[in-house]
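Colleague: This is data.pdb (PDB, C-alpha atoms).
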```
ATOM      1  CA  ILE A   1     -18.919 -22.124  -5.644  1.00  0.00           C
ATOM      2  CA  LEU A   2     -20.070 -19.644  -3.040  1.00  0.00           C
ATOM      3  CA  GLU A   3     -19.793 -21.790   0.069  1.00  0.00           C
ATOM      4  CA  PHE A   4     -16.147 -22.752  -0.479  1.00  0.00           C
ATOM      5  CA  PHE A   5     -14.763 -19.233  -0.022  1.00  0.00           C
ATOM      6  CA  ASN A   6     -17.445 -17.881   2.299  1.00  0.00           C
ATOM      7  CA  ILE A   7     -14.958 -16.669   4.920  1.00  0.00           C
ATOM      8  CA  LYS A   8     -16.930 -15.169   7.791  1.00  0.00           C
ATOM      9  CA  GLU A   9     -13.982 -14.390  10.054  1.00  0.00           C
ATOM     10  CA  ARG A  10     -10.427 -13.369   9.163  1.00  0.00           C
ATOM     11  CA  SER A  11      -7.679 -15.452  10.746  1.00  0.00           C
ATOM     12  CA  LYS A  12      -5.135 -13.722  12.966  1.00  0.00           C
ATOM     13  CA  LYS A  13      -1.695 -13.208  11.438  1.00  0.00           C
ATOM     14  CA  ASN A  14       1.551 -13.671  13.283  1.00  0.00           C
ATOM     15  CA  GLY A  15       2.886 -10.135  13.273  1.00  0.00           C
ATOM     16  CA  ASN A  16       1.694  -6.749  12.100  1.00  0.00           C
ATOM     17  CA  PHE A  17       2.209  -6.750   8.344  1.00  0.00           C
ATOM     18  CA  PHE A  18       0.308  -6.453   5.078  1.00  0.00           C
ATOM     19  CA  ALA A  19      -0.257  -9.903   3.558  1.00  0.00           C
ATOM     20  CA  LEU A  20      -0.584 -10.290  -0.205  1.00  0.00           C
ATOM     21  CA  ASP A  21      -1.557 -13.677  -1.676  1.00  0.00           C
ATOM     22  CA  TYR A  22      -0.945 -15.355  -5.005  1.00  0.00           C
ATOM     23  CA  ILE A  23      -2.339 -18.873  -5.326  1.00  0.00           C
ATOM     24  CA  GLY A  24      -1.886 -20.876  -8.512  1.00  0.00           C
ATOM     25  CA  GLY A  25       0.684 -22.008 -11.035  1.00  0.00           C
ATOM     26  CA  LEU A  26       4.081 -20.338 -10.649  1.00  0.00           C
ATOM     27  CA  ALA A  27       5.406 -19.730 -14.158  1.00  0.00           C
ATOM     28  CA  PRO A  28       7.046 -16.758 -15.942  1.00  0.00           C
ATOM     29  CA  GLU A  29       3.913 -16.072 -18.006  1.00  0.00           C
ATOM     30  CA  ARG A  30       1.922 -15.738 -14.766  1.00  0.00           C
ATOM     31  CA  GLY A  31       3.863 -12.550 -13.974  1.00  0.00           C
ATOM     32  CA  ILE A  32       5.568 -14.007 -10.899  1.00  0.00           C
ATOM     33  CA  THR A  33       8.907 -12.333 -11.710  1.00  0.00           C
ATOM     34  CA  GLN A  34       7.292  -8.899 -11.966  1.00  0.00           C
ATOM     35  CA  ILE A  35       5.314  -9.362  -8.730  1.00  0.00           C
ATOM     36  CA  ILE A  36       8.469 -10.300  -6.801  1.00  0.00           C
ATOM     37  CA  GLN A  37      10.391  -7.424  -8.406  1.00  0.00           C
ATOM     38  CA  ALA A  38       7.597  -5.117  -7.230  1.00  0.00           C
ATOM     39  CA  MET A  39       8.178  -6.273  -3.659  1.00  0.00           C
ATOM     40  CA  SER A  40      11.776  -5.007  -3.851  1.00  0.00           C
ATOM     41  CA  TYR A  41      10.583  -1.443  -4.569  1.00  0.00           C
ATOM     42  CA  ILE A  42       8.429  -1.216  -1.445  1.00  0.00           C
ATOM     43  CA  ASN A  43       9.867   1.060   1.229  1.00  0.00           C
ATOM     44  CA  SER A  44      11.487  -0.777   4.108  1.00  0.00           C
ATOM     45  CA  THR A  45       9.125   1.012   6.516  1.00  0.00           C
ATOM     46  CA  ASN A  46       6.197  -0.907   4.987  1.00  0.00           C
ATOM     47  CA  ALA A  47       5.877  -4.340   6.594  1.00  0.00           C
ATOM     48  CA  VAL A  48       4.602  -6.516   3.751  1.00  0.00           C
ATOM     49  CA  LYS A  49       4.737 -10.202   2.847  1.00  0.00           C
ATOM     50  CA  LEU A  50       3.878 -11.981  -0.397  1.00  0.00           C
ATOM     51  CA  THR A  51       2.589 -15.514   0.108  1.00  0.00           C
ATOM     52  CA  LEU A  52       3.037 -17.794  -2.896  1.00  0.00           C
ATOM     53  CA  CYS A  53       1.151 -21.075  -3.117  1.00  0.00           C
ATOM     54  CA  GLY A  54       1.590 -23.453  -6.028  1.00  0.00           C
ATOM     55  CA  GLU A  55       4.141 -25.400  -8.024  1.00  0.00           C
ATOM     56  CA  PHE A  56       6.911 -23.899 -10.142  1.00  0.00           C
ATOM     57  CA  SER A  57       6.940 -24.656 -13.860  1.00  0.00           C
ATOM     58  CA  PRO A  58       9.566 -25.348 -14.981  1.00  0.00           C
ATOM     59  CA  ILE A  59      11.182 -26.462 -11.711  1.00  0.00           C
ATOM     60  CA  SER A  60      14.308 -24.452 -12.618  1.00  0.00           C
ATOM     61  CA  TYR A  61      12.208 -21.266 -12.454  1.00  0.00           C
ATOM     62  CA  LYS A  62      12.126 -21.565  -8.655  1.00  0.00           C
ATOM     63  CA  LYS A  63      15.866 -20.959  -8.411  1.00  0.00           C
ATOM     64  CA  GLU A  64      15.538 -17.954 -10.731  1.00  0.00           C
ATOM     65  CA  VAL A  65      12.922 -16.192  -8.597  1.00  0.00           C
ATOM     66  CA  GLU A  66      14.741 -17.039  -5.354  1.00  0.00           C
ATOM     67  CA  GLY A  67      17.612 -14.933  -6.701  1.00  0.00           C
ATOM     68  CA  LEU A  68      15.428 -11.842  -7.087  1.00  0.00           C
ATOM     69  CA  ARG A  69      15.921  -9.071  -4.533  1.00  0.00           C
ATOM     70  CA  GLY A  70      12.244  -8.974  -3.608  1.00  0.00           C
ATOM     71  CA  PHE A  71      12.203 -12.665  -2.652  1.00  0.00           C
ATOM     72  CA  LYS A  72      13.197 -11.802   0.929  1.00  0.00           C
ATOM     73  CA  ARG A  73       9.581 -10.604   1.362  1.00  0.00           C
ATOM     74  CA  VAL A  74       8.165 -13.907   0.052  1.00  0.00           C
ATOM     75  CA  GLU A  75       6.758 -16.809   2.025  1.00  0.00           C
ATOM     76  CA  TYR A  76       6.575 -19.850  -0.249  1.00  0.00           C
ATOM     77  CA  LEU A  77       4.140 -22.505   0.959  1.00  0.00           C
ATOM     78  CA  GLY A  78       4.468 -24.881  -1.995  1.00  0.00           C
ATOM     79  CA  TRP A  79       1.445 -26.749  -3.293  1.00  0.00           C
ATOM     80  CA  VAL A  80      -1.542 -26.351  -0.974  1.00  0.00           C
ATOM     81  CA  LYS A  81      -4.454 -28.808  -0.891  1.00  0.00           C
ATOM     82  CA  PRO A  82      -7.653 -27.197  -2.261  1.00  0.00           C
ATOM     83  CA  GLU A  83      -9.450 -27.588   1.067  1.00  0.00           C
ATOM     84  CA  LYS A  84      -6.645 -25.614   2.766  1.00  0.00           C
ATOM     85  CA  VAL A  85      -6.757 -22.671   0.337  1.00  0.00           C
ATOM     86  CA  PRO A  86      -9.579 -20.801   2.151  1.00  0.00           C
ATOM     87  CA  GLU A  87      -7.525 -20.958   5.350  1.00  0.00           C
ATOM     88  CA  VAL A  88      -4.536 -19.364   3.592  1.00  0.00           C
ATOM     89  CA  ILE A  89      -6.718 -16.700   1.988  1.00  0.00           C
ATOM     90  CA  SER A  90      -8.358 -15.892   5.331  1.00  0.00           C
ATOM     91  CA  MET A  91      -5.014 -14.527   6.569  1.00  0.00           C
ATOM     92  CA  ALA A  92      -4.508 -12.205   3.567  1.00  0.00           C
ATOM     93  CA  ASP A  93      -5.230  -8.501   3.143  1.00  0.00           C
ATOM     94  CA  ALA A  94      -5.337  -8.604  -0.679  1.00  0.00           C
ATOM     95  CA  GLY A  95      -4.980 -10.990  -3.596  1.00  0.00           C
ATOM     96  CA  ILE A  96      -2.902 -10.499  -6.730  1.00  0.00           C
ATOM     97  CA  VAL A  97      -3.187 -11.932 -10.239  1.00  0.00           C
ATOM     98  CA  CYS A  98      -0.958 -10.180 -12.781  1.00  0.00           C
ATOM     99  CA  PHE A  99      -0.773 -12.563 -15.716  1.00  0.00           C
ATOM    100  CA  LEU A 100       1.319 -11.305 -18.636  1.00  0.00           C
ATOM    101  CA  PRO A 101      -0.524 -10.148 -21.789  1.00  0.00           C
ATOM    102  CA  GLU A 102      -0.402 -13.388 -23.737  1.00  0.00           C
ATOM    103  CA  PRO A 103      -3.250 -14.385 -26.118  1.00  0.00           C
ATOM    104  CA  ASN A 104      -4.695 -17.064 -23.826  1.00  0.00           C
ATOM    105  CA  HIS A 105      -4.669 -14.678 -20.834  1.00  0.00           C
ATOM    106  CA  ILE A 106      -6.230 -11.491 -22.194  1.00  0.00           C
ATOM    107  CA  ASN A 107      -9.756 -12.889 -22.505  1.00  0.00           C
ATOM    108  CA  SER A 108      -9.510 -15.512 -19.774  1.00  0.00           C
ATOM    109  CA  MET A 109     -11.404 -15.378 -16.490  1.00  0.00           C
ATOM    110  CA  PRO A 110      -9.075 -16.949 -13.901  1.00  0.00           C
ATOM    111  CA  ASN A 111     -10.687 -18.728 -10.972  1.00  0.00           C
ATOM    112  CA  LYS A 112      -8.284 -17.112  -8.526  1.00  0.00           C
ATOM    113  CA  LEU A 113      -9.648 -13.646  -9.324  1.00  0.00           C
ATOM    114  CA  PHE A 114     -13.137 -14.712  -8.261  1.00  0.00           C
ATOM    115  CA  GLU A 115     -11.835 -16.714  -5.310  1.00  0.00           C
ATOM    116  CA  TYR A 116     -10.166 -13.586  -3.913  1.00  0.00           C
ATOM    117  CA  MET A 117     -13.335 -11.576  -4.494  1.00  0.00           C
ATOM    118  CA  SER A 118     -15.522 -14.284  -2.933  1.00  0.00           C
ATOM    119  CA  ALA A 119     -13.295 -14.222   0.161  1.00  0.00           C
ATOM    120  CA  GLY A 120     -13.751 -10.452   0.490  1.00  0.00           C
ATOM    121  CA  LEU A 121     -10.217  -9.570  -0.613  1.00  0.00           C
ATOM    122  CA  PRO A 122      -9.477  -6.515  -2.759  1.00  0.00           C
ATOM    123  CA  VAL A 123      -7.517  -7.491  -5.863  1.00  0.00           C
ATOM    124  CA  ILE A 124      -4.564  -6.241  -7.861  1.00  0.00           C
ATOM    125  CA  ALA A 125      -4.998  -7.505 -11.409  1.00  0.00           C
ATOM    126  CA  SER A 126      -3.695  -7.109 -14.951  1.00  0.00           C
ATOM    127  CA  ASN A 127      -5.201  -4.227 -16.910  1.00  0.00           C
ATOM    128  CA  PHE A 128      -6.736  -6.338 -19.669  1.00  0.00           C
ATOM    129  CA  PRO A 129     -10.053  -4.823 -20.884  1.00  0.00           C
ATOM    130  CA  LEU A 130     -12.143  -7.769 -19.643  1.00  0.00           C
ATOM    131  CA  TRP A 131     -10.408  -7.797 -16.253  1.00  0.00           C
ATOM    132  CA  LYS A 132     -10.803  -4.028 -15.896  1.00  0.00           C
ATOM    133  CA  GLU A 133     -14.509  -4.430 -16.575  1.00  0.00           C
ATOM    134  CA  ILE A 134     -14.743  -6.940 -13.723  1.00  0.00           C
ATOM    135  CA  VAL A 135     -12.367  -5.304 -11.216  1.00  0.00           C
ATOM    136  CA  GLU A 136     -12.761  -1.581 -11.830  1.00  0.00           C
ATOM    137  CA  GLY A 137     -16.360  -1.998 -12.968  1.00  0.00           C
ATOM    138  CA  ASN A 138     -17.198  -3.380  -9.522  1.00  0.00           C
ATOM    139  CA  ASN A 139     -14.763  -1.080  -7.653  1.00  0.00           C
ATOM    140  CA  CYS A 140     -13.152  -4.086  -6.021  1.00  0.00           C
ATOM    141  CA  GLY A 141      -9.472  -3.526  -6.781  1.00  0.00           C
ATOM    142  CA  ILE A 142      -6.773  -1.905  -8.883  1.00  0.00           C
ATOM    143  CA  CYS A 143      -5.706  -2.857 -12.413  1.00  0.00           C
ATOM    144  CA  VAL A 144      -2.061  -2.427 -13.418  1.00  0.00           C
ATOM    145  CA  ASP A 145       0.305  -3.021 -16.309  1.00  0.00           C
ATOM    146  CA  PRO A 146       1.574  -6.538 -15.438  1.00  0.00           C
ATOM    147  CA  LEU A 147       4.870  -5.849 -17.226  1.00  0.00           C
ATOM    148  CA  ASN A 148       5.631  -2.855 -15.004  1.00  0.00           C
ATOM    149  CA  PRO A 149       6.830  -3.846 -11.493  1.00  0.00           C
ATOM    150  CA  LYS A 150       6.817  -0.222 -10.295  1.00  0.00           C
ATOM    151  CA  GLU A 151       3.152   0.131 -11.231  1.00  0.00           C
ATOM    152  CA  ILE A 152       2.420  -3.052  -9.286  1.00  0.00           C
ATOM    153  CA  THR A 153       4.356  -1.582  -6.345  1.00  0.00           C
ATOM    154  CA  LYS A 154       2.258   1.577  -6.494  1.00  0.00           C
ATOM    155  CA  ALA A 155      -0.942  -0.485  -6.235  1.00  0.00           C
ATOM    156  CA  ILE A 156       0.427  -2.500  -3.295  1.00  0.00           C
ATOM    157  CA  LYS A 157       1.443   0.691  -1.470  1.00  0.00           C
ATOM    158  CA  TYR A 158      -2.011   2.168  -2.046  1.00  0.00           C
ATOM    159  CA  MET A 159      -3.577  -0.911  -0.463  1.00  0.00           C
ATOM    160  CA  ILE A 160      -1.219  -0.691   2.515  1.00  0.00           C
ATOM    161  CA  GLU A 161      -1.782   3.019   3.090  1.00  0.00           C
ATOM    162  CA  ASN A 162      -5.576   3.026   2.602  1.00  0.00           C
ATOM    163  CA  PRO A 163      -6.960   0.248   4.828  1.00  0.00           C
ATOM    164  CA  GLU A 164     -10.529   1.578   4.889  1.00  0.00           C
ATOM    165  CA  HIS A 165     -10.757   1.822   1.109  1.00  0.00           C
ATOM    166  CA  ARG A 166      -9.117  -1.597   0.862  1.00  0.00           C
ATOM    167  CA  LYS A 167     -11.826  -3.109   3.074  1.00  0.00           C
ATOM    168  CA  GLU A 168     -14.526  -1.372   1.062  1.00  0.00           C
ATOM    169  CA  MET A 169     -13.117  -2.803  -2.173  1.00  0.00           C
ATOM    170  CA  GLY A 170     -13.131  -6.250  -0.583  1.00  0.00           C
ATOM    171  CA  LYS A 171     -16.802  -5.897   0.364  1.00  0.00           C
ATOM    172  CA  LYS A 172     -17.731  -4.777  -3.143  1.00  0.00           C
ATOM    173  CA  GLY A 173     -15.891  -7.716  -4.682  1.00  0.00           C
ATOM    174  CA  LYS A 174     -17.735 -10.157  -2.446  1.00  0.00           C
ATOM    175  CA  LYS A 175     -21.057  -8.492  -3.308  1.00  0.00           C
ATOM    176  CA  ALA A 176     -20.284  -8.835  -7.037  1.00  0.00           C
ATOM    177  CA  VAL A 177     -19.587 -12.560  -6.625  1.00  0.00           C
ATOM    178  CA  LEU A 178     -22.753 -13.112  -4.584  1.00  0.00           C
ATOM    179  CA  GLU A 179     -24.845 -11.316  -7.207  1.00  0.00           C
ATOM    180  CA  LYS A 180     -23.157 -12.261 -10.485  1.00  0.00           C
ATOM    181  CA  TYR A 181     -19.942 -14.260 -10.601  1.00  0.00           C
ATOM    182  CA  ASN A 182     -20.832 -17.616  -9.097  1.00  0.00           C
ATOM    183  CA  TRP A 183     -21.519 -21.182 -10.166  1.00  0.00           C
ATOM    184  CA  GLU A 184     -25.048 -21.134  -8.789  1.00  0.00           C
ATOM    185  CA  ASN A 185     -25.994 -18.435 -11.318  1.00  0.00           C
ATOM    186  CA  GLU A 186     -23.921 -19.789 -14.198  1.00  0.00           C
ATOM    187  CA  SER A 187     -25.230 -23.334 -13.773  1.00  0.00           C
ATOM    188  CA  GLN A 188     -28.745 -22.112 -14.566  1.00  0.00           C
ATOM    189  CA  LYS A 189     -27.502 -20.700 -17.881  1.00  0.00           C
ATOM    190  CA  LEU A 190     -25.836 -24.022 -18.679  1.00  0.00           C
ATOM    191  CA  LEU A 191     -29.000 -25.964 -17.875  1.00  0.00           C
ATOM    192  CA  LYS A 192     -31.006 -23.723 -20.213  1.00  0.00           C
ATOM    193  CA  VAL A 193     -28.565 -24.488 -23.028  1.00  0.00           C
ATOM    194  CA  TYR A 194     -28.935 -28.211 -22.359  1.00  0.00           C
ATOM    195  CA  GLU A 195     -32.721 -27.872 -22.409  1.00  0.00           C
ATOM    196  CA  GLN A 196     -32.574 -26.116 -25.771  1.00  0.00           C
ATOM    197  CA  ILE A 197     -30.311 -28.803 -27.230  1.00  0.00           C
ATOM    198  CA  CYS A 198     -32.176 -31.746 -25.699  1.00  0.00           C
ATOM    199  CA  PRO A 199     -35.790 -30.679 -25.049  1.00  0.00           C
ATOM    200  CA  LYS A 200     -37.882 -33.014 -22.934  1.00  0.00           C
TER     201      LYS A 200
END
```
What would the structure in this file look like if it were written as structure tokens?
Modeller:
Amino acid sequence: ILEFFNIKERSKKNGNFFALDYIGGLAPERGITQIIQAMSYINSTNAVKLTLCGEFSPISYKKEVEGLRGFKRVEYLGWVKPEKVPEVISMADAGIVCFLPEPNHINSMPNKLFEYMSAGLPVIASNFPLWKEIVEGNNCGICVDPLNPKEITKAIKYMIENPEHRKEMGKKGKKAVLEKYNWENESQKLLKVYEQICPK
């Protein structure tokens, strides 16, 4: 829904650092371990923070990720009300969604990917063929092997070190959502199907 993530002005961050967001379920199959491991490989001269929003599943997984070396760069906000999500995203420099290559992920189209794009954020995403078509096809981010933390690190570092290209990717992602990936467009397709099934 276009209006929900139509962020016209970025919020000011407390401090000069690169902010990376992940918003959604926090489970091993969502690649959370690999993302946090990637944070541990980033040079100490790079000021970067990973913001995690969501609930851990299982609950015991929270303790596991808190023990990872990269967790010192994490800000965990817990579950965030849907109406507060745009505010969190408005303070980010990029969004990340690196689901692991499980059958129900490879051909999925996660909402968070399009929410990041709609908010004008460049994305770091898993290198599944469908996701590459969306992300690299619209030049709005970088696709990586979600099982390889060092490859994720490389993408994060590129975003940090290339702010102008990062902003350009964010603009292209937003343009793609405005033109193609939105409920306003998709709802018309759904209505046509209904009309074919139940003609007046």
Colleague: Carefully work through the PyMOL selection byres ((chain A and resi 47-59) around 7) for this structure and note down the residues it includes, as a ChimeraX atom specification.
Modeller: /A:17-27,45-46,60-62,73-80
Colleague: Ranking A:Lys167, A:Cys143, A:Tyr181, A:Phe128 by minimum distance to A:Asp93 and counting all atoms listed in the file, which one comes first?
Modeller: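 That would be A:Lys167, the residue with the smallest distance to A:Asp93.
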Colleague: Take every atom of stretch 176-179 of chain A listed in the file, pad by 8 Å on each side, and give me the axis-aligned box centre and edge lengths in Å, one decimal, as lines of an AutoDock Vina configuration file.
Modeller:
```
center_x = -22.2
center_y = -11.0
center_z = -5.9
size_x = 21.3
size_y = 20.3
size_z = 18.6
```
Colleague: Please evaluate the PyMOL selection byres ((chain A and resi 115-125) around 8) against the structure above and give the resulting residues as a ChimeraX atom specification.
Modeller: /A:2,5-7,86,89-90,92-99,111-114,126-127,131,135,140-144,146,152,155-156,166-167,169-174,176-178
Colleague: For atom CA of A:Met109 and atom CA of A:Gly70, determine how far apart the two atoms are, in Å to one decimal place.
Modeller: 27.7 Å
Colleague: So what do you get for atom CA of A:Ser44 versus atom CA of A:Met159, distance-wise?
Modeller: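 These two atoms are separated by 15.7 Å.
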Colleague: Would you please work out which residue, of A:Lys192, A:Lys84, A:Pro28, A:Ile42, is nearest to A:Tyr158 when using all atoms listed in the file?
Modeller: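 Distance minimum relative to A:Tyr158 lands on A:Ile42.
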Colleague: Using Å and a single decimal, report how far atom CA of A:Arg69 sits from atom CA of A:Thr153.
Modeller: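 Interatomic distance, atom CA of A:Thr153 to atom CA of A:Arg69: 13.9 Å.
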Colleague: Run the PyMOL selection byres ((chain A and resi 33) around 10) against the file shown and list the residues it catches, as number ranges by chain.
Modeller: A: 26-32, 34-38, 61, 64-66, 68, 70-71, 147, 149
Colleague: Just the selected residues (C-alpha atoms), exported as a PDB file, in the coordinates of the input, please.
Modeller:
```
ATOM      1  CA  LEU A  26       4.081 -20.338 -10.649  1.00  0.00           C
ATOM      2  CA  ALA A  27       5.406 -19.730 -14.158  1.00  0.00           C
ATOM      3  CA  PRO A  28       7.046 -16.758 -15.942  1.00  0.00           C
ATOM      4  CA  GLU A  29       3.913 -16.072 -18.006  1.00  0.00           C
ATOM      5  CA  ARG A  30       1.922 -15.738 -14.766  1.00  0.00           C
ATOM      6  CA  GLY A  31       3.863 -12.550 -13.974  1.00  0.00           C
ATOM      7  CA  ILE A  32       5.568 -14.007 -10.899  1.00  0.00           C
ATOM      8  CA  GLN A  34       7.292  -8.899 -11.966  1.00  0.00           C
ATOM      9  CA  ILE A  35       5.314  -9.362  -8.730  1.00  0.00           C
ATOM     10  CA  ILE A  36       8.469 -10.300  -6.801  1.00  0.00           C
ATOM     11  CA  GLN A  37      10.391  -7.424  -8.406  1.00  0.00           C
ATOM     12  CA  ALA A  38       7.597  -5.117  -7.230  1.00  0.00           C
ATOM     13  CA  TYR A  61      12.208 -21.266 -12.454  1.00  0.00           C
ATOM     14  CA  GLU A  64      15.538 -17.954 -10.731  1.00  0.00           C
ATOM     15  CA  VAL A  65      12.922 -16.192  -8.597  1.00  0.00           C
ATOM     16  CA  GLU A  66      14.741 -17.039  -5.354  1.00  0.00           C
ATOM     17  CA  LEU A  68      15.428 -11.842  -7.087  1.00  0.00           C
ATOM     18  CA  GLY A  70      12.244  -8.974  -3.608  1.00  0.00           C
ATOM     19  CA  PHE A  71      12.203 -12.665  -2.652  1.00  0.00           C
ATOM     20  CA  LEU A 147       4.870  -5.849 -17.226  1.00  0.00           C
ATOM     21  CA  PRO A 149       6.830  -3.846 -11.493  1.00  0.00           C
TER      22      PRO A 149
END
```
